[in-house]
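Novice: You'll find upload30.tsv just under this line, and it carries TSV, N, CA and C atoms.
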chain	number	residue	atom	x	y	z
A	1	MET	N	60.29	69.66	147.59
A	1	MET	CA	60.74	68.93	148.75
A	1	MET	C	61.90	69.67	149.44
A	2	SER	N	62.75	70.26	148.65
A	2	SER	CA	63.87	71.02	149.23
A	2	SER	C	63.37	72.20	150.05
A	3	PHE	N	62.31	72.84	149.57
A	3	PHE	CA	61.77	73.99	150.29
A	3	PHE	C	61.18	73.56	151.63
A	4	SER	N	60.52	72.41	151.65
A	4	SER	CA	59.98	71.88	152.91
A	4	SER	C	61.10	71.61	153.90
A	5	PHE	N	62.20	71.06	153.40
A	5	PHE	CA	63.35	70.80	154.26
A	5	PHE	C	63.92	72.11	154.80
A	6	LEU	N	64.00	73.12	153.95
A	6	LEU	CA	64.50	74.43	154.39
A	6	LEU	C	63.61	74.99	155.51
A	7	LEU	N	62.31	74.91	155.32
A	7	LEU	CA	61.40	75.44	156.34
A	7	LEU	C	61.50	74.67	157.66
A	8	SER	N	61.76	73.38	157.59
A	8	SER	CA	61.90	72.62	158.83
A	8	SER	C	63.22	72.92	159.53
A	9	MET	N	64.21	73.40	158.79
A	9	MET	CA	65.50	73.72	159.39
A	9	MET	C	65.47	75.02	160.20
A	10	LEU	N	64.56	75.93	159.89
A	10	LEU	CA	64.53	77.22	160.59
A	10	LEU	C	64.32	77.06	162.09
A	11	PRO	N	63.25	76.41	162.55
A	11	PRO	CA	63.10	76.25	164.00
A	11	PRO	C	64.11	75.26	164.59
A	12	THR	N	64.55	74.31	163.77
A	12	THR	CA	65.51	73.31	164.25
A	12	THR	C	66.82	73.96	164.65
A	13	VAL	N	67.31	74.86	163.80
A	13	VAL	CA	68.57	75.55	164.09
A	13	VAL	C	68.42	76.39	165.35
A	14	ASN	N	67.34	77.12	165.46
A	14	ASN	CA	67.12	77.96	166.63
A	14	ASN	C	67.08	77.13	167.91
A	15	GLU	N	66.28	76.09	167.92
A	15	GLU	CA	66.14	75.26	169.12
A	15	GLU	C	67.46	74.57	169.48
A	16	THR	N	68.15	74.06	168.48
A	16	THR	CA	69.41	73.34	168.75
A	16	THR	C	70.47	74.27	169.32
A	17	LEU	N	70.66	75.42	168.69
A	17	LEU	CA	71.72	76.33	169.14
A	17	LEU	C	71.42	76.99	170.48
A	18	THR	N	70.15	77.10	170.83
A	18	THR	CA	69.83	77.71	172.13
A	18	THR	C	69.75	76.68	173.26
A	19	ARG	N	69.90	75.40	172.96
A	19	ARG	CA	69.82	74.36	174.00
A	19	ARG	C	71.07	73.48	174.12
A	20	VAL	N	71.92	73.45	173.11
A	20	VAL	CA	73.08	72.54	173.11
A	20	VAL	C	74.35	73.36	173.21
A	21	PRO	N	75.35	72.99	173.95
A	21	PRO	CA	75.37	71.93	174.96
A	21	PRO	C	74.59	72.36	176.21
A	22	VAL	N	74.10	71.39	176.89
A	22	VAL	CA	73.28	71.63	178.08
A	22	VAL	C	74.10	72.40	179.11
A	23	GLY	N	73.52	73.45	179.64
A	23	GLY	CA	74.19	74.25	180.66
A	23	GLY	C	74.93	75.45	180.11
A	24	HIS	N	75.40	75.37	178.88
A	24	HIS	CA	76.12	76.48	178.26
A	24	HIS	C	75.85	76.47	176.75
A	25	PRO	N	74.63	76.88	176.36
A	25	PRO	CA	74.26	76.82	174.93
A	25	PRO	C	75.11	77.73	174.06
A	26	LEU	N	75.22	77.37	172.79
A	26	LEU	CA	76.03	78.14	171.84
A	26	LEU	C	75.43	79.53	171.57
A	27	ALA	N	74.09	79.64	171.59
A	27	ALA	CA	73.42	80.92	171.35
A	27	ALA	C	72.53	81.25	172.55
A	28	LYS	N	72.44	82.54	172.86
A	28	LYS	CA	71.66	82.96	174.02
A	28	LYS	C	70.17	83.04	173.73
A	29	ASP	N	69.81	83.58	172.58
A	29	ASP	CA	68.39	83.69	172.20
A	29	ASP	C	68.29	83.75	170.68
A	30	ILE	N	67.08	83.99	170.19
A	30	ILE	CA	66.85	83.98	168.74
A	30	ILE	C	67.58	85.11	168.02
A	31	ASN	N	67.94	86.16	168.73
A	31	ASN	CA	68.63	87.30	168.12
A	31	ASN	C	70.14	87.15	168.08
A	32	ASP	N	70.66	86.03	168.52
A	32	ASP	CA	72.11	85.80	168.54
A	32	ASP	C	72.65	85.77	167.10
A	33	PRO	N	73.78	86.43	166.84
A	33	PRO	CA	74.35	86.44	165.50
A	33	PRO	C	74.70	85.05	164.96
A	34	LEU	N	75.03	84.12	165.84
A	34	LEU	CA	75.35	82.76	165.40
A	34	LEU	C	74.16	82.11	164.70
A	35	ILE	N	72.98	82.33	165.22
A	35	ILE	CA	71.78	81.77	164.60
A	35	ILE	C	71.55	82.41	163.24
A	36	GLY	N	71.70	83.70	163.16
A	36	GLY	CA	71.53	84.40	161.88
A	36	GLY	C	72.52	83.94	160.83
A	37	LYS	N	73.77	83.79	161.21
A	37	LYS	CA	74.80	83.33	160.26
A	37	LYS	C	74.53	81.89	159.82
A	38	THR	N	74.12	81.05	160.76
A	38	THR	CA	73.83	79.66	160.42
A	38	THR	C	72.66	79.58	159.45
A	39	LEU	N	71.61	80.35	159.70
A	39	LEU	CA	70.46	80.37	158.80
A	39	LEU	C	70.84	80.93	157.43
A	40	LEU	N	71.73	81.90	157.39
A	40	LEU	CA	72.20	82.44	156.12
A	40	LEU	C	72.93	81.38	155.32
A	41	VAL	N	73.81	80.62	155.98
A	41	VAL	CA	74.54	79.55	155.30
A	41	VAL	C	73.57	78.50	154.75
A	42	ILE	N	72.58	78.13	155.55
A	42	ILE	CA	71.60	77.14	155.09
A	42	ILE	C	70.82	77.69	153.90
A	43	PHE	N	70.44	78.96	153.93
A	43	PHE	CA	69.71	79.56	152.82
A	43	PHE	C	70.56	79.60	151.55
A	44	VAL	N	71.83	79.97	151.68
A	44	VAL	CA	72.72	80.00	150.52
A	44	VAL	C	72.88	78.60	149.93
A	45	LEU	N	73.04	77.60	150.78
A	45	LEU	CA	73.12	76.22	150.29
A	45	LEU	C	71.83	75.81	149.58
A	46	PHE	N	70.70	76.25	150.09
A	46	PHE	CA	69.42	75.96	149.46
A	46	PHE	C	69.36	76.59	148.06
A	47	VAL	N	69.75	77.85	147.95
A	47	VAL	CA	69.71	78.53	146.65
A	47	VAL	C	70.66	77.87	145.66
A	48	VAL	N	71.88	77.57	146.10
A	48	VAL	CA	72.86	76.91	145.22
A	48	VAL	C	72.33	75.55	144.78
A	49	GLY	N	71.79	74.78	145.70
A	49	GLY	CA	71.25	73.47	145.36
A	49	GLY	C	70.07	73.57	144.42
A	50	SER	N	69.22	74.55	144.60
A	50	SER	CA	68.07	74.74	143.70
A	50	SER	C	68.52	75.10	142.29
A	51	VAL	N	69.48	76.01	142.20
A	51	VAL	CA	70.00	76.39	140.88
A	51	VAL	C	70.65	75.17	140.21
A	52	TYR	N	71.40	74.39	140.96
A	52	TYR	CA	72.02	73.19	140.41
A	52	TYR	C	70.97	72.22	139.88
A	53	GLN	N	69.90	72.00	140.64
A	53	GLN	CA	68.83	71.10	140.20
A	53	GLN	C	68.16	71.61	138.94
A	54	ILE	N	67.92	72.90	138.86
A	54	ILE	CA	67.27	73.48	137.69
A	54	ILE	C	68.15	73.32	136.45
A	55	VAL	N	69.44	73.65	136.58
A	55	VAL	CA	70.36	73.54	135.45
A	55	VAL	C	70.46	72.08	135.00
A	56	LYS	N	70.58	71.17	135.93
A	56	LYS	CA	70.68	69.75	135.59
A	56	LYS	C	69.40	69.28	134.89
A	57	GLN	N	68.23	69.70	135.36
A	57	GLN	CA	66.98	69.28	134.74
A	57	GLN	C	66.84	69.86	133.33
A	58	ILE	N	67.30	71.09	133.13
A	58	ILE	CA	67.26	71.69	131.79
A	58	ILE	C	68.11	70.88	130.83
A	59	LYS	N	69.31	70.46	131.27
A	59	LYS	CA	70.19	69.64	130.42
A	59	LYS	C	69.54	68.29	130.10
A	60	ILE	N	68.91	67.69	131.09
A	60	ILE	CA	68.24	66.40	130.87
A	60	ILE	C	67.09	66.57	129.87
A	61	ASN	N	66.30	67.61	130.03
A	61	ASN	CA	65.18	67.86	129.12
A	61	ASN	C	65.67	68.12	127.70
A	62	LYS	N	66.77	68.86	127.57
A	62	LYS	CA	67.33	69.16	126.25
A	62	LYS	C	67.82	67.88	125.59
A	63	THR	N	68.50	67.02	126.33
A	63	THR	CA	69.00	65.76	125.79
A	63	THR	C	67.86	64.86	125.34
A	64	GLU	N	66.81	64.78	126.14
A	64	GLU	CA	65.66	63.95	125.78
A	64	GLU	C	64.95	64.49	124.55
A	65	THR	N	64.84	65.80	124.44
A	65	THR	CA	64.20	66.40	123.28
A	65	THR	C	65.00	66.13	122.02
A	66	GLU	N	66.33	66.25	122.11
A	66	GLU	CA	67.18	65.98	120.95
A	66	GLU	C	67.10	64.53	120.53
A	67	SER	N	67.06	63.62	121.48
A	67	SER	CA	66.98	62.20	121.13
A	67	SER	C	65.63	61.86	120.50
A	68	LEU	N	64.57	62.54	120.90
A	68	LEU	CA	63.26	62.31	120.29
A	68	LEU	C	63.25	62.79	118.85
A	69	HIS	N	63.89	63.91	118.58
A	69	HIS	CA	63.96	64.42	117.22
A	69	HIS	C	64.82	63.52	116.33
A	70	LEU	N	65.86	62.94	116.85
A	70	LEU	CA	66.70	62.02	116.08
A	70	LEU	C	65.95	60.73	115.76
A	71	ASP	N	65.12	60.28	116.68
A	71	ASP	CA	64.34	59.06	116.47
A	71	ASP	C	63.33	59.25	115.34
A	72	GLU	N	62.83	60.47	115.17
A	72	GLU	CA	61.85	60.73	114.13
A	72	GLU	C	62.46	60.70	112.75
A	73	LEU	N	63.75	60.96	112.64
A	73	LEU	CA	64.41	60.98	111.34
A	73	LEU	C	64.63	59.57	110.91
As structure tokens, what does this structure read like?
Specialist:
Amino acid sequence: MSFSFLLSMLPTVNETLTRVPVGHPLAKDINDPLIGKTLLVIFVLFVVGSVYQIVKQIKINKTETESLHLDEL
């Protein structure tokens, strides 16, 4: 689901920065450095969030496995 959100942000960032504010947009076109930097920040946040989710899920799985082994004793 996070990856789908990331993919939807790519055109959203481009369209928003090239149209807002009306009359004097923040970015001139798709090659503007502002768009590239914004997409880089979003990608880094995606990677950090994905790593956090993976680490948290590994801890949850480990805890559940340990509790199952204790129940068997």
Novice: Could you state the separation of CA of Ser8 in chain A and atom N of Lys37 in chain A in Å, given to one decimal place?
Specialist: 16.5 Å
Novice: So that I can check the surroundings of range 13-25 of chain A, please list as a CSV table (one decimal) with N, CA and C atoms, in the frame of the given file every protein, DNA and RNA residue that reaches within 10 Å of it, counting only C-alpha atoms and ignoring chain neighbours fewer than 4 positions away.
Specialist:
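Output (out26.csv):
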chain,number,residue,atom,x,y,z
A,8,SER,N,61.8,73.4,157.6
A,8,SER,CA,61.9,72.6,158.8
A,8,SER,C,63.2,72.9,159.5
A,9,MET,N,64.2,73.4,158.8
A,9,MET,CA,65.5,73.7,159.4
A,9,MET,C,65.5,75.0,160.2
A,29,ASP,N,69.8,83.6,172.6
A,29,ASP,CA,68.4,83.7,172.2
A,29,ASP,C,68.3,83.8,170.7
A,30,ILE,N,67.1,84.0,170.2
A,30,ILE,CA,66.8,84.0,168.7
A,30,ILE,C,67.6,85.1,168.0
A,31,ASN,N,67.9,86.2,168.7
A,31,ASN,CA,68.6,87.3,168.1
A,31,ASN,C,70.1,87.2,168.1
A,32,ASP,N,70.7,86.0,168.5
A,32,ASP,CA,72.1,85.8,168.5
A,32,ASP,C,72.6,85.8,167.1
A,34,LEU,N,75.0,84.1,165.8
A,34,LEU,CA,75.4,82.8,165.4
A,34,LEU,C,74.2,82.1,164.7
A,35,ILE,N,73.0,82.3,165.2
A,35,ILE,CA,71.8,81.8,164.6
A,35,ILE,C,71.6,82.4,163.2
A,36,GLY,N,71.7,83.7,163.2
A,36,GLY,CA,71.5,84.4,161.9
A,36,GLY,C,72.5,83.9,160.8
A,38,THR,N,74.1,81.0,160.8
A,38,THR,CA,73.8,79.7,160.4
A,38,THR,C,72.7,79.6,159.4
A,39,LEU,N,71.6,80.4,159.7
A,39,LEU,CA,70.5,80.4,158.8
A,39,LEU,C,70.8,80.9,157.4
A,42,ILE,N,72.6,78.1,155.6
A,42,ILE,CA,71.6,77.1,155.1
A,42,ILE,C,70.8,77.7,153.9
Novice: Mind pulling up the distance from atom N of Leu7 in chain A to CA of Lys59 in chain A?
Specialist: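 So the two atoms, CA of Lys59 in chain A and atom N of Leu7 in chain A, lie 26.6 Å apart.
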Novice: Would you mind telling me which residue in A:Phe46, A:Leu26, A:Lys56, A:Leu40 lies nearest to Phe3 in chain A when using only C-alpha atoms?
Specialist: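 Smallest distance to Phe3 in chain A is found for A:Phe46.
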Novice: Between A:Val41, A:Thr65, A:Ile60, A:Val55, which has the minimum distance to Leu6 in chain A (counting only C-alpha atoms)?
Specialist: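 Looking only at the distances to Leu6 in chain A, the closest residue turns out to be A:Val41.
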Novice: As number ranges by chain, which residues of chain A does DSSP assign to helix (DSSP H, G or I)?
Specialist: A: 2-19, 33-72
Novice: How many Å lie between CA of Gln57 in chain A and CA of His69 in chain A, rounded to one decimal?
Specialist: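 Straight-line distance from CA of Gln57 in chain A to CA of His69 in chain A works out to 18.4 Å.
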Novice: Would you compute, for all listed atoms of range 3-12 of chain A, the axis-aligned bounding box grown by 4 Å on each side, and then report its centre and edge lengths in Å rounded to one decimal, as lines of an AutoDock Vina configuration file?
Specialist:
center_x = 63.4
center_y = 74.0
center_z = 157.1
size_x = 14.8
size_y = 14.4
size_z = 23.1
